[in-house]
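Participant: Right, I'll just put the structure down here and ask away after.
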Number of protein chains: 4
Amino acid sequence: MLYFASDYQEGCCPEILEKLREINLAHHIGYGKDSLCEKARQTIRKVCDCPDVPVHFLTGGTQANSTVISALLRQYQGVLAAETGHIAGHEAGAVEYTGHKVLCLPPVQGKVSAASVCSYMKAFLANDTNDHMVEPGMVYISHPTECGTLYTREELTELHKVCRSYHLPLFLDGARLGYGLAAPGTDVTLEDVASLTDAFTIGGTKVGALFGEAVVFPTPSLGDHFFTITKEHGALLAKGWLLGLQFEVLFTDNLYLRIAKHADDMAMLLKKGLAQKGYAFHPETFTNQQFPVMDDATLNELSRRVVYSMWEPLQGGKSVIRLATSWATTEAEVQELLASL
Amino acid sequence: MLYFASDYQEGCCPEILEKLREINLAHHIGYGKDSLCEKARQTIRKVCDCPDVPVHFLTGGTQANSTVISALLRQYQGVLAAETGHIAGHEAGAVEYTGHKVLCLPPVQGKVSAASVCSYMKAFLANDTNDHMVEPGMVYISHPTECGTLYTREELTELHKVCRSYHLPLFLDGARLGYGLAAPGTDVTLEDVASLTDAFTIGGTKVGALFGEAVVFPTPSLGDHFFTITKEHGALLAKGWLLGLQFEVLFTDNLYLRIAKHADDMAMLLKKGLAQKGYAFHPETFTNQQFPVMDDATLNELSRRVVYSMWEPLQGGKSVIRLATSWATTEAEVQELLASL
Amino acid sequence: MLYFASDYQEGCCPEILEKLREINLAHHIGYGKDSLCEKARQTIRKVCDCPDVPVHFLTGGTQANSTVISALLRQYQGVLAAETGHIAGHEAGAVEYTGHKVLCLPPVQGKVSAASVCSYMKAFLANDTNDHMVEPGMVYISHPTECGTLYTREELTELHKVCRSYHLPLFLDGARLGYGLAAPGTDVTLEDVASLTDAFTIGGTKVGALFGEAVVFPTPSLGDHFFTITKEHGALLAKGWLLGLQFEVLFTDNLYLRIAKHADDMAMLLKKGLAQKGYAFHPETFTNQQFPVMDDATLNELSRRVVYSMWEPLQGGKSVIRLATSWATTEAEVQELLASL
Amino acid sequence: MLYFASDYQEGCCPEILEKLREINLAHHIGYGKDSLCEKARQTIRKVCDCPDVPVHFLTGGTQANSTVISALLRQYQGVLAAETGHIAGHEAGAVEYTGHKVLCLPPVQGKVSAASVCSYMKAFLANDTNDHMVEPGMVYISHPTECGTLYTREELTELHKVCRSYHLPLFLDGARLGYGLAAPGTDVTLEDVASLTDAFTIGGTKVGALFGEAVVFPTPSLGDHFFTITKEHGALLAKGWLLGLQFEVLFTDNLYLRIAKHADDMAMLLKKGLAQKGYAFHPETFTNQQFPVMDDATLNELSRRVVYSMWEPLQGGKSVIRLATSWATTEAEVQELLASL
């Protein structure tokens with residue numbers, strides 16, 4: 001069987017496992033206050049080019065999203081997000097569970113536009129009875145988005161500007177950040193992310209780690225009391241050094257971007273092959289998630305050899321599926337998949 | 001340096017690391033729906049002698065506590081717990097964050113007695129205005145307790161009976177369960193825990209795993225919808241198989257109890273040595289946590305060679321400290337500690 | 001000035017004030033446990049033709065909505081509602097504050113159709129990953145809706161049926177229920193509401209009372225522990241008899257429907273007059289809220305003599321406004337309004 | 001029967017009813033934005049001698065407490081209160097429902113001492129692991145307390161000072177404030193309350209109003225967004241002018257203090273009479289609530305003629321009962337009660 005269903009099916013990069021084996025019996029103090037975590041924080045600050053910002057390590061994506069969002073909002077506020085945003089539909093109401101409404105914006109290929117934030121805020125501020133409504137208190141975006149698309153630096157800059165003008169912290173969910181940063185054609189760097197957002201995550205779970213999301217607060221005050229808030233959310237790992245270890249390895253010698261680039265390369269190979277065979281994409285993407293449109297007969301055949309994700313049934317016996325590559329995907333696997341079509 | 005500060009400073013049993021190395025590159029579906037988790041569930045059901053009960057795997061102790069407690073309570077209910085219970089003081093208000101009050105009972109050496117539950121319930125039910133008060137909806141205990149003490153089978157049976165009579169589910173926090181089950185003199189087995197509680201956790205984090213708590217629901221209906229509730233709490237691990245792997249290894253060939261017994265043996269050695277040197281204990285315990293009383297001068301000296309936890313300052317220049325052994329503690333380390341006093 | 005901005009600008013029916021004057025100095029026990037509340041409960045059960053159902057009295061509409069919704073849902077569930085539903089946009093996130101998501105359905109003239117519930121549930125149940133999503137746990141509708149429209153008995157019956165088939169309690173927000181029941185052409189009676197929903201409110205605040213909403217649970221078990229839940233929400237009035245008094249007066253001699261019918265008659269007079277003058281309605285309604293479309297010049301003129309609500313700006317210098325009549329509106333006021341156009 | 005069970009059994013002062021009758025049919029805009037509320041706000045600011053502070057009107061005491069407390073705390077904080085504080089035991093967990101822990105202090109006759117706050121804070125700040133604990137974020141006191149006792153100006157000043165030094169806002173629950181301000185021997189004035197607290201309530205429900213609590217924020221920034229927070233809690237009254245009306249009447253010509261003084265005078269008459277008959281008090285109080293100790297035989301007899309509250313059963317066939325006077329209690333009623341003993 002070929003496994004293209006998602007990018008979090010394998011364990012971790014061998015480098016991480018090796019390091020874990022090395023220090024498994026060493027003693028570390030708990031809760032991320034150890035030297036490994038501290039080292040990883042310094043490394044991340046350096047690659048993001050933002051010294052002195054708070055960096056925390058959490059275990060998972062939904063956890064990071066709901067913890068950060070609840071930390072940034074006041075009780076009367078909600079979070080603006082694309083209707084297709086992960087927090088809006090696939091986190092079991094984790095944000096609402098913390099008492100906050102997700103205020104939906106119309107997405108453009110999964111993205112939030114500066115214009116849509118602007119027009120939401122204008123309408124809100126112009127509304128005489130807006131004190132009976134949930135006040136937008138921040139903006140949530142994901143990069144890459146849930147459907148694999150990417151912001152350009154210009155788009156992020158515009159968003160940053162409009163958020164700043166309305167005093168809305170901008171939070172970027174980077175569960176797959178590596179695949180976005182390494183994508184062909186992107187002009188967005190990690191330094192850009194750090195300079196154009198107020199808080200963001202660097203996803204480890206889907207990019208080479210066993211688990212783990214680094215939470216970075218380029219606007220440092222937003223990280224106040226985040227340790228206790230993390231504990232309150234049940235999100236504080238006792239052996240926090242496991243997270244420090246993984247991020248330290250991932251950001252040593254550029255490993256994070258190297259493995260992400262490999263996954264993107266494999267995805268581009270797949271994309272090219274599929275296009276040559278006449279498949280359309282919905283939407284077209286340049287990251288590790290590819291969304292080809294296939295008819296039922298093809299899928300029926302494909303499912304004998306390939307594990308993929310059903311994405312969206314279309315009309316006329318066709319469907320969009322998701323094929324995800326990862327740092328562990330080999331060229332042979334891609335070729336075998338293509339050969340089977 | 002000798003490390004006796006806590007039982008979660010090392011990584012994991014070599015057996016776990018070895019297994020992880022083996023299957024690191026295999027593909028597993030996400031969120032604990034994989035075959036490894038299923039196998040671990042079956043193994044746990046077997047060792048607990050309760051077939052068909054729901055078993056879930058979470059990442060940490062505070063997380064497990066607040067997720068289970070919020071799942072068991074209705075919105076108008078609170079949880080009865082000892083004042084010294086972990087949920088009452090050291091979880092940053094995680095239970096309250098889910099909207100529920102911790103209703104405190106007076107502890108007896110860290111334990112909740114059936115009598116105290118009974119008298120709380122009698123007073124509550126006799127109160128004419130109890131519909132203006134938080135209704136007790138469950139009982140939380142820990143075994144071993146936060147101060148290392150243990151329930152006897154009779155005490156658990158009494159608690160079980162009184163909880164049953166008041167329709168209060170009994171939840172046992174087993175963050176250090178192994179050290180309790182393996183303690184010299186205890187008459188409480190894992191099967192007892194499973195038959196005398198409605199929900200309990202088997203702690204992995206402090207007993208040989210990298211991280212992980214198994215949540216078992218001997219009263220199966222209490223586990224309804226627990227998967228979604230876990231997701232809602234941000235507590236669902238993407239690569240859930242990491243948890244299944246660890247618990248499967250821990251419950252193969254009795255590893256869990258074997259390593260716990262080793263830790264307890266080391267603690268008994270330590271206890272005996274300290275007693276011979278004239279130290280008192282506060283309280284006396286038979287699990288991996290020892291609480292000797294020492295004077296400031298001794299501690300000053302001790303701190304040069306041993307990392308320990310300050311537990312409680314007493315009057316007259318004395319303090320209770322905590323010395324914790326773990327599955328990784330060696331006899332040589334214990335002897336070295338004793339020799340240094 | 002003529003006041004048509006809303007239906008809650010005056011105090012209460014003279015009958016209520018008179019009764020209050022009479023018994024102001026009598027002694028009543030607190031929190032709705034007095035004889036007046038009990039009498040009002042009996043009266044409401046009788047007019048609803050549902051003996052023995054729980055009836056509670058709350059102070060306001062948003063309060064009743066969020067208290068009832070949180071009482072009906074389990075923590076992993078959300079409430080289905082029209083996007084235009086009051087709980088979705090104008091209650092400052094009160095439902096989300098209790099930890100639950102409002103799951104939006106596309107409204108048809110402010111109404112939720114059985115078909116839309118059905119198709120939402122079918123899609124939800126067909127979704128392989130719906131255990132990562134908020135489970136719909138109930139349906140919220142309002143009657144009349146926020147834009148003055150009404151369900152027919154057939155529509156309510158269909159909704160009831162589909163809700164029953166998916167085990168979704170149906171909750172009807174009757175903040176303006178009287179104006180709906182008394183509307184010309186409606187075939188929905190109070191008995192219908194009671195037999196076709198699982199919980200509903202009878203709005204007093206907007207229909208003759210100083211304040212107050214009666215909460216009725218035709219499915220009695222849904223009202224379990226509602227007293228304590230009300231207290232927990234800060235929604236329990238100390239002098240609860242004030243609510244009992246008002247509802248007892250309103251449901252004596254059919255007062256509630258009589259005053260509602262008067263308001264509807266005034267609205268129909270207004271509607272007829274506006275139609276004769278060529279104004280369109282958006283939408284057309286048969287209850288006490290009328291939504292005529294007017295151009296800016298007309299509105300400019302109108303605002304000198306009439307207080308109205310701006311509803312929705314349209315394109316081309318036109319707007320929808322709301323003109324609301326109440327039990328206190330006089331025919332002379334309507335005629336004067338019409339004459340001014 | 002004589003009614004001494006509580007101070008919220010009657011309706012309202014005749015002056016309020018008269019005013020309500022007068023303006024019942026006038027038109028007022030909703031939600032407390034009307035001129036009556038504005039006037040009442042100005043009046044309250046004046047009598048408190050604190051111009052420009054935010055003043056809001058809520059419906060009930062538990063509602064005011066949980067809304068204010070949740071508005072003042074950040075998510076990782078809890079509220080310090082006496083174990084006997086109303087929020088700790090008799091509000092059905094309303095504070096916890098908003099996600100915050102009530103951190104209990106040992107009461108001295110129902111009061112929180114500056115020393116106990118100080119020692120709690122010192123221990124908290126000295127605790128190495130306090131970032132795993134709920135951070136105290138404010139202090140809650142009641143005046144009079146739940147057992148009728150009063151702070152002296154010196155005690156309030158000390159509390160104010162210690163709260164200021166630890167950056168803890170001080171919130172005073174004034175559900176029975178009038179009876180405290182009018183008590184014989186007190187040196188605390190309304191101006192003192194306003195200058196020594198950061199937020200406080202002026203209770204109307206128990207002191208002459210039908211219902212209503214004024215919330216005053218002497219530290220103005222604490223009132224930011226309180227309107228929307230009130231709505232979010234379901235605590236915003238549609239016909240807010242009803243609250244403005246009542247407080248305007250109560251604070252015109254010193255009515256509030258006059259009726260409170262009358263109640264206190266009646267209580268002192270009762271106290272003197274009871275003392276002469278040899279009854280002890282537990283505790284002794286100088287406000288409208290008296291807590292005499294009586295034996296069972298006496299109570300049995302008393303209950304034939306007097307409605308009282310059972311307070312606390314003592315040993316040896318004795319009990320503490322509560323006898324409460326109100327603005328409506330007459331001297332004849334007190335004499336009749338005394339004569340019956």
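Each chain in the structure tokens gets a letter, A, B and so on, in the order shown; residues start at 1 in every chain, and ligands are counted from 1 in the order they appear.
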Would you kindly report the residues of chain D within 12 Å of chain A, using only C-alpha atoms, as a PyMOL selection string?

Facilitator: chain D and resi 30-31+33+67-78+97-101+129-135+224-236+238

Participant: I'd like the contact shell of Ile87 in chain B - 8 Å cut-off, only C-alpha atoms, skipping same-chain residues fewer than 4 positions apart - returned as a list in words.

Facilitator: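 Skipping anything fewer than 4 positions along the chain leaves Thr62, Asn65, Ala81, Glu91, Gly93, Ala94, Val95 and Val102 of chain B.
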
Participant: Find the spatial neighbours of His160 in chain A, counting only C-alpha atoms, within a cut-off of 12 Å - ignore same-chain residues fewer than 4 positions away - and output them as a ChimeraX atom specification.

Facilitator: /A:112-115,117-118,138-141,151,153-156,164-172,192-199

Participant: Could you pull out the helix (DSSP H, G or I) residues of range 140-326 of chain C from DSSP and send them as a PyMOL selection string?

Facilitator: chain C and resi 153-165+177-181+190-196+220-223+226-232+241-250+255-276+296-302

Participant: Could you take the residues named above and write them with C-alpha atoms, as a PDB file, in the first residue's frame?

Facilitator:
ATOM      1  CA  ARG C 153     -48.508  24.709  11.825  1.00  0.00           C
ATOM      2  CA  GLU C 154     -47.374  22.461   9.018  1.00  0.00           C
ATOM      3  CA  GLU C 155     -43.867  23.885   9.096  1.00  0.00           C
ATOM      4  CA  LEU C 156     -43.664  23.460  12.854  1.00  0.00           C
ATOM      5  CA  THR C 157     -44.992  19.921  12.536  1.00  0.00           C
ATOM      6  CA  GLU C 158     -42.348  19.092   9.954  1.00  0.00           C
ATOM      7  CA  LEU C 159     -39.616  20.595  12.123  1.00  0.00           C
ATOM      8  CA  HIS C 160     -40.913  18.703  15.127  1.00  0.00           C
ATOM      9  CA  LYS C 161     -40.844  15.489  13.150  1.00  0.00           C
ATOM     10  CA  VAL C 162     -37.336  15.904  11.817  1.00  0.00           C
ATOM     11  CA  CYS C 163     -36.042  16.984  15.235  1.00  0.00           C
ATOM     12  CA  ARG C 164     -37.662  13.984  16.842  1.00  0.00           C
ATOM     13  CA  SER C 165     -36.131  11.662  14.267  1.00  0.00           C
ATOM     14  CA  LEU C 177     -44.931  34.909  20.978  1.00  0.00           C
ATOM     15  CA  GLY C 178     -48.181  36.789  21.626  1.00  0.00           C
ATOM     16  CA  TYR C 179     -47.858  38.830  18.447  1.00  0.00           C
ATOM     17  CA  GLY C 180     -47.380  35.597  16.544  1.00  0.00           C
ATOM     18  CA  LEU C 181     -50.325  33.778  18.068  1.00  0.00           C
ATOM     19  CA  LEU C 190     -50.298  28.117  22.030  1.00  0.00           C
ATOM     20  CA  GLU C 191     -51.344  24.470  22.369  1.00  0.00           C
ATOM     21  CA  ASP C 192     -49.583  23.768  19.065  1.00  0.00           C
ATOM     22  CA  VAL C 193     -46.417  25.390  20.319  1.00  0.00           C
ATOM     23  CA  ALA C 194     -46.601  23.304  23.464  1.00  0.00           C
ATOM     24  CA  SER C 195     -47.203  20.074  21.588  1.00  0.00           C
ATOM     25  CA  LEU C 196     -44.677  20.636  18.811  1.00  0.00           C
ATOM     26  CA  PRO C 220     -40.469  17.630  31.276  1.00  0.00           C
ATOM     27  CA  SER C 221     -37.126  15.924  31.820  1.00  0.00           C
ATOM     28  CA  LEU C 222     -35.409  18.819  30.031  1.00  0.00           C
ATOM     29  CA  GLY C 223     -36.342  20.993  32.987  1.00  0.00           C
ATOM     30  CA  PHE C 226     -33.290  24.128  35.922  1.00  0.00           C
ATOM     31  CA  PHE C 227     -33.754  26.013  39.191  1.00  0.00           C
ATOM     32  CA  THR C 228     -30.116  25.546  40.163  1.00  0.00           C
ATOM     33  CA  ILE C 229     -28.933  26.193  36.621  1.00  0.00           C
ATOM     34  CA  THR C 230     -30.885  29.438  36.673  1.00  0.00           C
ATOM     35  CA  LYS C 231     -29.179  30.417  39.918  1.00  0.00           C
ATOM     36  CA  GLU C 232     -25.782  29.467  38.467  1.00  0.00           C
ATOM     37  CA  TRP C 241     -43.259  36.528  42.761  1.00  0.00           C
ATOM     38  CA  LEU C 242     -42.966  39.662  40.626  1.00  0.00           C
ATOM     39  CA  LEU C 243     -42.740  37.339  37.631  1.00  0.00           C
ATOM     40  CA  GLY C 244     -45.526  35.065  38.817  1.00  0.00           C
ATOM     41  CA  LEU C 245     -47.745  38.085  39.375  1.00  0.00           C
ATOM     42  CA  GLN C 246     -47.202  39.383  35.863  1.00  0.00           C
ATOM     43  CA  PHE C 247     -47.792  36.090  34.107  1.00  0.00           C
ATOM     44  CA  GLU C 248     -50.824  35.335  36.234  1.00  0.00           C
ATOM     45  CA  VAL C 249     -52.363  38.647  35.196  1.00  0.00           C
ATOM     46  CA  LEU C 250     -51.377  38.191  31.554  1.00  0.00           C
ATOM     47  CA  LEU C 255     -55.257  39.338  28.430  1.00  0.00           C
ATOM     48  CA  TYR C 256     -52.019  38.243  26.743  1.00  0.00           C
ATOM     49  CA  LEU C 257     -53.664  37.437  23.442  1.00  0.00           C
ATOM     50  CA  ARG C 258     -56.038  40.373  23.598  1.00  0.00           C
ATOM     51  CA  ILE C 259     -53.300  42.951  23.907  1.00  0.00           C
ATOM     52  CA  ALA C 260     -51.189  41.132  21.323  1.00  0.00           C
ATOM     53  CA  LYS C 261     -54.104  41.168  18.926  1.00  0.00           C
ATOM     54  CA  HIS C 262     -54.522  44.882  19.458  1.00  0.00           C
ATOM     55  CA  ALA C 263     -50.877  45.437  18.543  1.00  0.00           C
ATOM     56  CA  ASP C 264     -51.230  43.239  15.475  1.00  0.00           C
ATOM     57  CA  ASP C 265     -54.398  45.116  14.449  1.00  0.00           C
ATOM     58  CA  MET C 266     -52.505  48.372  14.691  1.00  0.00           C
ATOM     59  CA  ALA C 267     -49.686  46.871  12.623  1.00  0.00           C
ATOM     60  CA  MET C 268     -52.136  45.722   9.947  1.00  0.00           C
ATOM     61  CA  LEU C 269     -53.641  49.196   9.834  1.00  0.00           C
ATOM     62  CA  LEU C 270     -50.164  50.584   9.374  1.00  0.00           C
ATOM     63  CA  LYS C 271     -49.285  47.979   6.772  1.00  0.00           C
ATOM     64  CA  LYS C 272     -52.435  48.677   4.777  1.00  0.00           C
ATOM     65  CA  GLY C 273     -51.848  52.410   4.904  1.00  0.00           C
ATOM     66  CA  LEU C 274     -48.219  52.073   3.855  1.00  0.00           C
ATOM     67  CA  ALA C 275     -49.124  49.710   1.034  1.00  0.00           C
ATOM     68  CA  GLN C 276     -51.710  52.161  -0.206  1.00  0.00           C
ATOM     69  CA  ASP C 296     -33.514  58.616   2.302  1.00  0.00           C
ATOM     70  CA  ALA C 297     -35.504  61.726   1.673  1.00  0.00           C
ATOM     71  CA  THR C 298     -38.653  60.182   3.112  1.00  0.00           C
ATOM     72  CA  LEU C 299     -36.767  58.883   6.123  1.00  0.00           C
ATOM     73  CA  ASN C 300     -35.223  62.244   6.697  1.00  0.00           C
ATOM     74  CA  GLU C 301     -38.665  63.770   6.823  1.00  0.00           C
ATOM     75  CA  LEU C 302     -40.142  60.914   8.841  1.00  0.00           C
TER      76      LEU C 302
END

Participant: Could you pull out the strand (DSSP E or B) residues of range 82-289 of chain B from DSSP and send them as a PyMOL selection string?

Facilitator: chain B and resi 82+102-105+108+111+135-142+170-173+199-203+213-216+281+289

Participant: At a cut-off of 8 Å, can you tabulate as JSON lines every residue of range 206-300 of chain B near range 305-322 of chain B together with its closest atom pair and the distance in Å to one decimal, using only C-alpha atoms and ordering rows by chain then number?

Facilitator:
{"residue": "B:Phe281", "atom": "CA", "partner": "B:Val320", "partner_atom": "CA", "distance": 7.9}
{"residue": "B:His282", "atom": "CA", "partner": "B:Val320", "partner_atom": "CA", "distance": 6.8}
{"residue": "B:Gln289", "atom": "CA", "partner": "B:Arg322", "partner_atom": "CA", "distance": 6.5}
{"residue": "B:Gln290", "atom": "CA", "partner": "B:Arg322", "partner_atom": "CA", "distance": 5.7}
{"residue": "B:Phe291", "atom": "CA", "partner": "B:Arg322", "partner_atom": "CA", "distance": 4.7}
{"residue": "B:Pro292", "atom": "CA", "partner": "B:Val320", "partner_atom": "CA", "distance": 5.7}
{"residue": "B:Val293", "atom": "CA", "partner": "B:Val320", "partner_atom": "CA", "distance": 4.4}
{"residue": "B:Met294", "atom": "CA", "partner": "B:Lys318", "partner_atom": "CA", "distance": 5.5}
{"residue": "B:Asp295", "atom": "CA", "partner": "B:Lys318", "partner_atom": "CA", "distance": 4.1}
{"residue": "B:Asp296", "atom": "CA", "partner": "B:Gly317", "partner_atom": "CA", "distance": 5.7}
